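Here's target-v1.tsv, which has TSV, C-alpha atoms and all ligand atoms:
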chain	number	residue	atom	x	y	z
A	1	MET	CA	12.24	-0.38	-4.97
A	2	ASP	CA	15.30	-0.91	-2.74
A	3	SER	CA	16.47	1.90	-0.47
A	4	VAL	CA	18.49	4.53	-2.32
A	5	PRO	CA	20.25	7.57	-0.83
A	6	PHE	CA	17.97	10.60	-0.59
A	7	ARG	CA	18.31	14.17	0.41
A	8	ILE	CA	15.40	16.12	1.80
A	9	GLU	CA	15.29	19.87	1.15
A	10	ALA	CA	12.82	22.24	2.77
A	11	ALA	CA	11.42	24.59	0.11
A	12	HIS	CA	11.84	28.26	0.99
A	13	ASP	CA	11.34	29.86	-2.44
A	14	ILE	CA	8.92	29.76	-5.34
A	15	ALA	CA	11.13	27.44	-7.41
A	16	GLY	CA	11.09	24.84	-4.64
A	17	CYS	CA	7.30	25.07	-4.27
A	18	ALA	CA	6.85	24.95	-8.07
A	19	ALA	CA	8.83	21.68	-8.16
A	20	THR	CA	5.87	20.01	-6.41
A	21	VAL	CA	3.50	20.78	-9.31
A	22	PRO	CA	4.71	18.07	-11.75
A	23	ILE	CA	4.46	15.53	-8.92
A	24	GLN	CA	0.96	16.70	-8.03
A	25	GLU	CA	-0.02	16.37	-11.70
A	26	GLU	CA	1.60	12.96	-12.03
A	27	VAL	CA	0.13	11.46	-8.86
A	28	TRP	CA	-3.37	12.93	-8.93
A	29	SER	CA	-3.55	14.14	-12.59
A	30	GLY	CA	-6.60	16.21	-11.72
A	31	ASP	CA	-7.72	19.72	-12.49
A	32	VAL	CA	-6.87	20.82	-8.99
A	33	VAL	CA	-3.31	21.66	-8.03
A	34	VAL	CA	-2.24	23.50	-4.90
A	35	PRO	CA	-0.66	26.66	-6.37
A	36	PRO	CA	3.04	27.08	-5.51
A	37	GLN	CA	2.40	30.71	-4.49
A	38	LEU	CA	0.01	29.51	-1.79
A	39	MET	CA	2.52	26.87	-0.64
A	40	LEU	CA	5.21	29.52	-0.35
A	41	ALA	CA	2.92	31.79	1.69
A	42	VAL	CA	2.18	28.84	3.98
A	43	ALA	CA	5.87	27.93	4.31
A	44	HIS	CA	6.59	31.56	5.30
A	45	ASN	CA	4.01	31.32	8.06
A	46	GLY	CA	5.01	28.26	10.02
A	47	GLY	CA	3.98	25.62	7.49
A	48	PHE	CA	6.29	23.13	5.82
A	49	VAL	CA	7.07	22.21	2.24
A	50	ALA	CA	9.88	19.74	1.57
A	51	LEU	CA	11.13	17.94	-1.51
A	52	GLY	CA	12.87	14.59	-1.68
A	53	PHE	CA	15.60	13.96	-4.24
A	54	ALA	CA	17.05	10.57	-5.10
A	55	GLU	CA	20.71	10.28	-5.97
A	56	GLY	CA	21.21	10.54	-9.72
A	57	ASP	CA	17.81	12.12	-10.47
A	58	GLU	CA	17.52	15.91	-10.78
A	59	ARG	CA	13.71	15.94	-10.62
A	60	ALA	CA	12.12	15.89	-7.20
A	61	ALA	CA	10.99	12.34	-6.40
A	62	GLY	CA	8.43	13.30	-3.76
A	63	PHE	CA	7.16	16.07	-1.54
A	64	VAL	CA	5.24	16.82	1.63
A	65	PHE	CA	3.16	19.92	2.33
A	66	GLY	CA	1.38	21.01	5.49
A	67	PHE	CA	0.34	24.05	7.50
A	68	LEU	CA	-0.25	25.18	11.05
A	69	GLY	CA	-3.64	24.59	12.58
A	70	ILE	CA	-5.42	24.77	15.90
A	71	ARG	CA	-7.63	22.07	17.43
A	72	ASP	CA	-8.93	21.73	20.96
A	73	TYR	CA	-7.10	24.98	21.87
A	74	HIS	CA	-3.71	23.52	20.84
A	75	PHE	CA	-1.52	24.17	17.85
A	76	ARG	CA	-1.03	21.25	15.54
A	77	HIS	CA	0.26	20.72	12.04
A	78	HIS	CA	-2.10	19.69	9.25
A	79	SER	CA	-0.32	17.62	6.63
A	80	HIS	CA	-2.29	18.30	3.47
A	81	MET	CA	-0.28	16.36	0.89
A	82	LEU	CA	2.34	13.63	0.71
A	83	ALA	CA	3.31	12.08	-2.58
A	84	VAL	CA	6.12	10.00	-3.98
A	85	ARG	CA	6.50	9.33	-7.71
A	86	ALA	CA	5.60	5.74	-8.55
A	87	PRO	CA	9.20	4.56	-9.24
A	88	TYR	CA	10.25	5.68	-5.73
A	89	ARG	CA	7.44	4.03	-3.79
A	90	GLY	CA	8.72	1.48	-1.33
A	91	SER	CA	12.12	3.17	-1.32
A	92	GLY	CA	12.03	4.82	2.11
A	93	LEU	CA	11.59	8.33	0.70
A	94	ALA	CA	8.04	8.73	2.05
A	95	ILE	CA	9.25	7.96	5.58
A	96	ALA	CA	12.17	10.38	5.17
A	97	LEU	CA	9.74	13.14	4.17
A	98	LYS	CA	7.52	12.43	7.20
A	99	GLU	CA	10.59	12.46	9.47
A	100	ALA	CA	11.59	15.88	8.13
A	101	GLN	CA	8.04	17.12	8.72
A	102	ARG	CA	8.10	15.70	12.25
A	103	ASP	CA	11.44	17.43	13.00
A	104	HIS	CA	10.07	20.75	11.75
A	105	CYS	CA	7.00	20.39	13.98
A	106	LEU	CA	8.92	19.24	17.08
A	107	ASP	CA	11.14	22.33	16.71
A	108	GLN	CA	7.95	24.41	16.90
A	109	GLY	CA	6.80	22.61	20.04
A	110	ILE	CA	3.99	20.86	18.16
A	111	GLU	CA	3.07	17.35	19.28
A	112	ILE	CA	0.36	16.22	16.84
A	113	VAL	CA	0.36	16.12	13.06
A	114	GLY	CA	-3.04	15.44	11.51
A	115	TRP	CA	-4.27	14.62	8.00
A	116	THR	CA	-7.15	13.02	6.19
A	117	MET	CA	-6.98	9.74	4.30
A	118	ASP	CA	-9.32	7.58	2.29
A	119	PRO	CA	-9.84	4.60	4.61
A	120	LEU	CA	-10.16	2.23	1.63
A	121	GLU	CA	-6.55	2.80	0.50
A	122	ALA	CA	-4.80	-0.16	2.11
A	123	ARG	CA	-1.30	0.96	1.17
A	124	ASN	CA	-1.82	4.36	2.78
A	125	ALA	CA	-3.30	2.65	5.83
A	126	ALA	CA	-0.24	0.41	6.14
A	127	PHE	CA	1.98	3.47	5.81
A	128	ASN	CA	0.07	5.68	8.26
A	129	PHE	CA	-0.83	3.15	10.95
A	130	ALA	CA	1.77	0.38	10.74
A	131	LYS	CA	4.84	2.39	9.75
A	132	LEU	CA	4.19	5.81	11.31
A	133	GLY	CA	2.18	4.74	14.36
A	134	ALA	CA	-0.81	7.02	13.74
A	135	TYR	CA	-4.39	6.48	14.94
A	136	ALA	CA	-7.88	7.67	13.90
A	137	ARG	CA	-11.17	8.27	15.67
A	138	GLU	CA	-13.15	10.52	13.33
A	139	TYR	CA	-15.00	9.68	10.13
A	140	HIS	CA	-16.16	12.33	7.66
A	141	ARG	CA	-18.62	11.58	4.88
A	142	ASP	CA	-17.78	13.05	1.46
A	143	PHE	CA	-15.33	15.41	3.17
A	144	TYR	CA	-14.03	17.20	0.06
A	145	GLY	CA	-17.16	16.75	-2.07
A	146	ALA	CA	-16.79	15.41	-5.61
A	147	MET	CA	-13.11	15.27	-6.63
A	148	PRO	CA	-12.01	15.15	-10.26
A	149	ASP	CA	-8.58	13.52	-9.89
A	150	LYS	CA	-7.82	9.95	-10.90
A	151	LEU	CA	-7.53	8.60	-7.36
A	152	ASN	CA	-10.82	10.08	-6.16
A	153	ALA	CA	-13.13	10.53	-9.15
A	154	GLY	CA	-16.48	8.76	-9.10
A	155	LEU	CA	-16.90	8.15	-5.37
A	156	PRO	CA	-17.89	10.20	-2.33
A	157	SER	CA	-14.65	11.48	-0.81
A	158	ASP	CA	-15.12	9.91	2.65
A	159	ARG	CA	-12.10	10.39	4.92
A	160	ILE	CA	-10.84	9.33	8.29
A	161	TYR	CA	-8.92	11.94	10.24
A	162	VAL	CA	-5.50	10.55	11.10
A	163	GLU	CA	-3.56	11.83	14.12
A	164	TRP	CA	0.16	11.23	14.49
A	165	PRO	CA	1.66	11.77	17.96
A	166	ILE	CA	5.15	12.75	16.84
A	167	GLY	CA	6.80	12.89	20.26
A	168	HIS	CA	5.72	9.44	21.44
A	169	ASP	CA	8.23	6.68	22.03
A	170	ARG	CA	6.07	4.30	19.97
A	171	THR	CA	6.30	6.67	17.01
A	172	TYR	CA	10.11	6.73	17.23
A	173	LYS	CA	10.19	2.96	17.37
A	174	ARG	CA	7.86	2.62	14.40
A	175	LEU	CA	9.97	5.01	12.36
A	176	ARG	CA	13.09	3.03	13.18
A	177	GLY	CA	11.30	-0.19	12.30
A	178	GLU	CA	11.87	-1.54	15.82
A	179	ASP	CA	8.23	-2.11	16.67
A	180	ARG	CA	5.98	-3.75	14.10
A	181	PRO	CA	2.27	-4.60	14.40
A	182	PRO	CA	1.26	-8.25	14.79
A	183	SER	CA	0.00	-10.09	11.74
A	184	LEU	CA	-3.66	-10.34	10.79
A	185	GLU	CA	-3.39	-14.12	11.21
A	186	ASP	CA	-2.26	-13.58	14.84
A	187	ALA	CA	-5.28	-11.36	15.49
A	188	GLU	CA	-7.62	-13.92	13.93
A	189	ARG	CA	-6.02	-16.74	15.98
A	190	ASP	CA	-6.67	-14.64	19.09
A	191	GLY	CA	-10.36	-14.71	18.20
A	192	ILE	CA	-10.75	-11.01	17.40
A	193	GLY	CA	-14.03	-10.48	15.56
A	194	TYR	CA	-14.71	-8.47	12.43
A	195	VAL	CA	-17.00	-5.47	12.27
A	196	LEU	CA	-16.51	-5.69	8.49
A	197	ARG	CA	-15.02	-8.59	6.55
A	198	ALA	CA	-14.66	-9.29	2.84
A	199	GLU	CA	-16.62	-12.14	1.34
A	200	GLY	CA	-14.62	-12.79	-1.79
A	201	ASN	CA	-14.32	-9.36	-3.43
A	202	ARG	CA	-17.44	-8.04	-1.78
A	203	PRO	CA	-17.91	-6.44	1.63
A	204	GLY	CA	-19.85	-8.69	4.02
A	205	ALA	CA	-22.61	-7.45	6.32
A	206	VAL	CA	-21.51	-4.95	8.98
A	207	ALA	CA	-21.61	-6.44	12.49
A	208	PRO	CA	-22.52	-4.45	15.60
A	209	ALA	CA	-19.51	-2.79	17.24
A	210	ALA	CA	-20.41	-2.90	20.92
A	211	ASP	CA	-18.59	-4.34	23.95
A	212	GLN	CA	-15.51	-5.94	22.39
A	213	THR	CA	-11.93	-5.32	23.51
A	214	HIS	CA	-10.72	-5.44	19.88
A	215	LEU	CA	-12.33	-5.37	16.46
A	216	LEU	CA	-11.10	-5.84	12.90
A	217	LEU	CA	-12.31	-3.86	9.90
A	218	GLU	CA	-11.16	-5.23	6.55
A	219	VAL	CA	-10.67	-3.16	3.40
A	220	PRO	CA	-9.80	-4.27	-0.15
A	221	THR	CA	-6.13	-4.92	-0.90
A	222	ARG	CA	-5.92	-2.77	-4.02
A	223	PHE	CA	-8.86	-0.41	-4.03
A	224	GLN	CA	-7.86	1.57	-7.16
A	225	GLU	CA	-7.71	-1.62	-9.23
A	226	LEU	CA	-11.05	-2.77	-7.84
A	227	LYS	CA	-12.59	0.64	-8.65
A	228	ALA	CA	-11.25	0.56	-12.22
A	229	ARG	CA	-12.77	-2.93	-12.71
A	230	ASP	CA	-16.12	-2.43	-10.97
A	231	ALA	CA	-17.39	1.02	-9.97
A	232	ALA	CA	-20.53	-0.39	-8.30
A	233	LEU	CA	-18.43	-2.70	-6.13
A	234	ALA	CA	-16.19	0.23	-5.14
A	235	LEU	CA	-19.30	2.14	-4.07
A	236	ALA	CA	-20.51	-0.88	-2.07
A	237	TRP	CA	-17.16	-0.89	-0.23
A	238	ARG	CA	-17.47	2.85	0.41
A	239	ALA	CA	-20.93	2.34	1.94
A	240	ALA	CA	-19.91	-0.68	4.04
A	241	ALA	CA	-16.72	0.90	5.38
A	242	ARG	CA	-18.66	4.09	6.17
A	243	GLU	CA	-21.25	2.13	8.16
A	244	ALA	CA	-18.58	0.09	9.98
A	245	PHE	CA	-16.33	3.03	10.89
A	246	GLU	CA	-19.21	5.24	11.94
A	247	SER	CA	-20.66	2.49	14.10
A	248	ALA	CA	-17.29	1.71	15.74
A	249	PHE	CA	-16.29	5.34	16.28
A	250	SER	CA	-19.72	6.21	17.70
A	251	HIS	CA	-19.28	3.35	20.19
A	252	GLY	CA	-15.98	4.89	21.35
A	253	TYR	CA	-13.49	2.81	19.36
A	254	ALA	CA	-10.37	4.22	17.70
A	255	ALA	CA	-8.44	2.67	14.79
A	256	VAL	CA	-4.93	2.09	16.15
A	257	GLU	CA	-3.25	-0.39	13.78
A	258	PHE	CA	-3.41	-1.76	10.28
A	259	LEU	CA	-2.71	-5.50	10.20
A	260	ARG	CA	-1.74	-7.51	7.14
A	261	SER	CA	-1.84	-11.20	6.36
A	262	ALA	CA	0.69	-13.21	4.39
A	263	ASP	CA	-1.81	-13.48	1.52
A	264	GLY	CA	-2.14	-9.66	1.30
A	265	ARG	CA	-5.41	-9.05	3.16
A	266	GLY	CA	-5.47	-5.94	5.34
A	267	ALA	CA	-7.64	-4.81	8.26
A	268	TYR	CA	-7.72	-1.97	10.73
A	269	LEU	CA	-7.52	-2.94	14.39
A	270	LEU	CA	-9.97	-0.97	16.54
A	271	VAL	CA	-9.87	-0.68	20.32
A	272	PRO	CA	-12.14	1.19	22.75
A	273	GLN	CA	-10.72	4.53	23.81
A	274	PRO	CA	-10.52	5.33	27.49
A	275	ARG	CA	-13.70	7.20	28.32
A	276	ARG	CA	-13.20	10.82	29.19
A	277	GLU	CA	-15.01	11.48	32.45
A	278	PRO	CA	-17.00	14.70	32.34
A	279	ALA	CA	-15.42	17.38	34.48
A	280	VAL	CA	-17.64	17.54	37.58
A	281	ASP	CA	-17.09	20.01	40.37
A	282	THR	CA	-17.60	17.91	43.53
A	283	ASP	CA	-16.47	20.66	45.84
A	284	GLU	CA	-19.87	21.71	47.20
A	285	ARG	CA	-19.39	24.90	49.09
B	301	LIG	C1	1.31	7.40	0.23
B	301	LIG	C2	2.74	7.29	-0.29
B	301	LIG	C3	3.44	8.64	-0.16
B	301	LIG	C4	3.50	6.25	0.58
B	301	LIG	O1	4.79	6.08	0.07
B	301	LIG	P1	5.32	4.58	-0.24
B	301	LIG	O2	6.73	4.68	-0.71
B	301	LIG	O3	4.32	3.94	-1.14
B	301	LIG	O4	5.24	3.95	1.23
B	301	LIG	P2	6.06	2.72	1.82
B	301	LIG	O5	6.36	1.74	0.71
B	301	LIG	O6	7.18	3.21	2.63
B	301	LIG	O7	4.96	2.12	2.80
B	301	LIG	C5	3.82	1.48	2.31
B	301	LIG	C6	3.62	0.19	3.05
B	301	LIG	O8	2.41	-0.39	2.54
B	301	LIG	C7	2.65	-1.71	2.16
B	301	LIG	N1	1.74	-2.01	1.06
B	301	LIG	C8	1.98	-1.94	-0.25
B	301	LIG	N2	0.87	-2.30	-0.92
B	301	LIG	C9	-0.06	-2.59	-0.01
B	301	LIG	C10	-1.40	-3.04	-0.09
B	301	LIG	N3	-1.99	-3.24	-1.27
B	301	LIG	N4	-2.08	-3.24	1.05
B	301	LIG	C11	-1.50	-3.03	2.25
B	301	LIG	N5	-0.22	-2.62	2.39
B	301	LIG	C12	0.48	-2.39	1.26
B	301	LIG	C13	4.09	-1.75	1.75
B	301	LIG	O9	4.58	-3.07	1.77
B	301	LIG	C14	4.72	-0.84	2.79
B	301	LIG	O10	4.92	-1.53	4.02
B	301	LIG	P3	6.37	-2.20	4.38
B	301	LIG	O11	7.40	-1.14	4.19
B	301	LIG	O12	6.18	-2.65	5.79
B	301	LIG	O13	6.54	-3.34	3.42
B	301	LIG	C15	2.78	6.85	-1.78
B	301	LIG	O14	2.25	5.54	-1.92
B	301	LIG	C16	2.03	7.80	-2.71
B	301	LIG	O15	2.58	8.78	-3.17
B	301	LIG	N6	0.75	7.51	-3.00
B	301	LIG	C17	-0.08	8.35	-3.86
B	301	LIG	C18	-0.47	9.65	-3.21
B	301	LIG	C19	-1.23	9.45	-1.92
B	301	LIG	O16	-2.12	8.63	-1.82
B	301	LIG	N7	-0.84	10.24	-0.91
B	301	LIG	C20	-1.40	10.16	0.44
B	301	LIG	C21	-2.61	10.97	0.59
B	301	LIG	S1	-2.29	12.71	0.59
Encoded form (structure tokens):
Amino acid sequence: MDSVPFRIEAAHDIAGCAATVPIQEEVWSGDVVVPPQLMLAVAHNGGFVALGFAEGDERAAGFVFGFLGIRDYHFRHHSHMLAVRAPYRGSGLAIALKEAQRDHCLDQGIEIVGWTMDPLEARNAAFNFAKLGAYAREYHRDFYGAMPDKLNAGLPSDRIYVEWPIGHDRTYKRLRGEDRPPSLEDAERDGIGYVLRAEGNRPGAVAPAADQTHLLLEVPTRFQELKARDAALALAWRAAAREAFESAFSHGYAAVEFLRSADGRGAYLLVPQPRREPAVDTDER
């Protein structure tokens, strides 16, 4: 959809939080809905709930919901849900909701927003890595256990933990569309190897992830369609991506980009993280 004018409204009352429920039901259509009463309690305690409205449509077109957390002795914001109704995808509303969330967090002095995502969802990967400028370095097997909703049913709910450095210059540039990732063809021309690559529809064998400056990790273009067609193939992708991410992350790589090709293929770009030297007290007194 083309860009349309939006307004973003932070929800401060039960009616605002309740307006997320039809979107939750529409997008996930599961048995599990985050109750609006809980959202309101969270919003009253430093969290953030915001609705997006498109001009000419009274119903909320999307929402974002997150709460305060602590990691490594620092406050951060955990973004638990982001959803845009199907007709408003590609419209710019999702970015506007993330910008409102970022502004809320920056006002609180928070520098990192974190969330989990299914690494096999290429569209979400393009959104999180290419458009927002997030990165990931943790993999969690079956994080939420079995999930009944239409996006997650039938597969282990593996997740990568995405971190979004909201104060960084690169993040600002990504949000303004000034800084875009290179294409997947460029990366392939540069000779970057794959830790996981599709062979037709199937995942190929996982390659070792040691001693490279860059690695690519391919995922299916439209995972939900693939899952609806062939549940066993979806499970094979889950297993292969799990092995590839776990191998790369355990060798010190982080996923820092999601690259796309002109024919629609998509792959994460992984780079080694700077090693953290152990704190050693050399002052021998
Ligand atoms: C996640 C979500 C909020 C993103 O909103 P959106 O409007 O779809 O996002 P955008 O269109 O701005 O960005 C998606 C990007 O992925 C690209 N994309 C679309 N399909 C793709 C695919 N199959 N593979 C790779 N990239 C894809 C789009 O082209 C776009 O990039 P561009 O703007 O550079 O062209 C929305 O898709 C959604 O509600 N999904 C269902 C709920 C969900 O999964 N929520 C996140 C987990 S809580």
Identify, on the basis of all atoms listed in the file, every residue whose closest approach to Ala205 (chain A) does not exceed 8 Å; exclude the query and any residue fewer than 5 positions from it along the same chain; express the result as an MDAnalysis selection string.
-> chainID A and resid 196:197 240
Could you turn the residues from that selection into a file that holds C-alpha atoms, as a PDB file, in the frame of the given file?
ATOM      1  CA  LEU A 196     -16.510  -5.690   8.490  1.00  0.00           C
ATOM      2  CA  ARG A 197     -15.020  -8.590   6.550  1.00  0.00           C
ATOM      3  CA  ALA A 240     -19.910  -0.680   4.040  1.00  0.00           C
TER       4      ALA A 240
END
Contacts of ligand LIG 301 (chain B), 8 Å or closer, only C-alpha atoms and all ligand atoms, given as a ChimeraX atom specification = /A:27-28,62,80-86,88-95,115-118,121-127,130-131,151,220-223,260,264-266
Excluding same-chain residues fewer than 4 positions from Glu178 (chain A), what lies within 12 Å of it counting only C-alpha atoms, as an NGL selection string?
-> :A and (130-133 or 169-174)
Top pick for closest residue to Leu215 (chain A), considering A:Pro181, A:Pro272, A:Pro203, A:Gly145 and counting all atoms listed in the file =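 Nearest candidate to Leu215 (chain A) out of A:Pro181, A:Pro272, A:Pro203, A:Gly145: A:Pro272.
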Write out as a PDB file with C-alpha atoms, in the frame of the given file each polymer residue whose atoms come within 12 Å of Val32 (chain A), counting only C-alpha atoms; drop sequence neighbours fewer than 6 positions from it.
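So around_30.pdb came out as:
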ATOM      1  CA  VAL A  21       3.500  20.780  -9.310  1.00  0.00           C
ATOM      2  CA  GLN A  24       0.960  16.700  -8.030  1.00  0.00           C
ATOM      3  CA  GLU A  25      -0.020  16.370 -11.700  1.00  0.00           C
ATOM      4  CA  GLU A  26       1.600  12.960 -12.030  1.00  0.00           C
ATOM      5  CA  ALA A 146     -16.790  15.410  -5.610  1.00  0.00           C
ATOM      6  CA  MET A 147     -13.110  15.270  -6.630  1.00  0.00           C
ATOM      7  CA  PRO A 148     -12.010  15.150 -10.260  1.00  0.00           C
ATOM      8  CA  ASP A 149      -8.580  13.520  -9.890  1.00  0.00           C
ATOM      9  CA  LYS A 150      -7.820   9.950 -10.900  1.00  0.00           C
ATOM     10  CA  ASN A 152     -10.820  10.080  -6.160  1.00  0.00           C
TER      11      ASN A 152
END
Selection near Glu185 (chain A), 9 Å with all atoms listed in the file, sequence-local residues under 5 positions removed, as a list in words =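 Selected residues are Asp190, Leu259, Arg260, Ser261 and Ala262 of chain A.
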Which is closer to Pro22 (chain A) than all the others in A:Leu217, A:Gly47, A:Phe6, A:Ala61, using all atoms listed in the file?
->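 Checking each of A:Leu217, A:Gly47, A:Phe6, A:Ala61 against Pro22 (chain A), counting all atoms listed in the file, the winner is A:Ala61.
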Applying 8 Å and all atoms listed in the file, which residues near Ser247 (chain A) remain after dropping the ones on its own chain fewer than 4 positions away? List them as a compact mmCIF listing (two decimals) with C-alpha atoms, keeping the file's coordinate frame.
# COMPACT_ATOMS: atom_id res chain seq x y z
CA PRO A 208 -22.52 -4.45 15.60
CA ALA A 209 -19.51 -2.79 17.24
CA GLU A 243 -21.25 2.13 8.16
CA HIS A 251 -19.28 3.35 20.19
Which residue of A:Lys98, A:Arg71, A:Arg202, A:His78 approaches Val162 (chain A) most closely, using all atoms listed in the file = A:His78
Find, counting all atoms listed in the file, the residue in A:Gly66, A:Gln37, A:Ile23, A:Ala96 that gets nearest to Gly52 (chain A).
-> A:Ala96
Is there a way to get, as an MDAnalysis selection string, all residues within 12 Å of the point (0.2, 27.6, -9.6) in file coordinates, counting all atoms listed in the file?
-> chainID A and resid 14:15 17:22 24:25 31:40
CA of Asp13 (chain A) to CA of Asn45 (chain A), distance in Å rounded to a single decimal |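 So the answer is 12.9 Å.
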What separation in Å, quoted to one decimal, exists between CA of Asp107 (chain A) and CA of Arg76 (chain A)?
->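 Separation of CA of Asp107 (chain A) and CA of Arg76 (chain A): 12.3 Å.
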Between A:His168, A:His12, A:Arg275, A:Arg242, smallest distance to Val219 (chain A) by all atoms listed in the file belongs to A:Arg242
Would you mind telling me which residue in A:Ala10, A:Leu175, A:Leu68, A:Ala100 lies nearest to Leu51 (chain A) when using all atoms listed in the file?
->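 Using all atoms listed in the file, Leu51 (chain A) sits closest to A:Ala10.
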Report the distance between CA of Phe249 (chain A) and CA of Tyr139 (chain A) in Å, rounded to one decimal place.
-> 7.6 Å
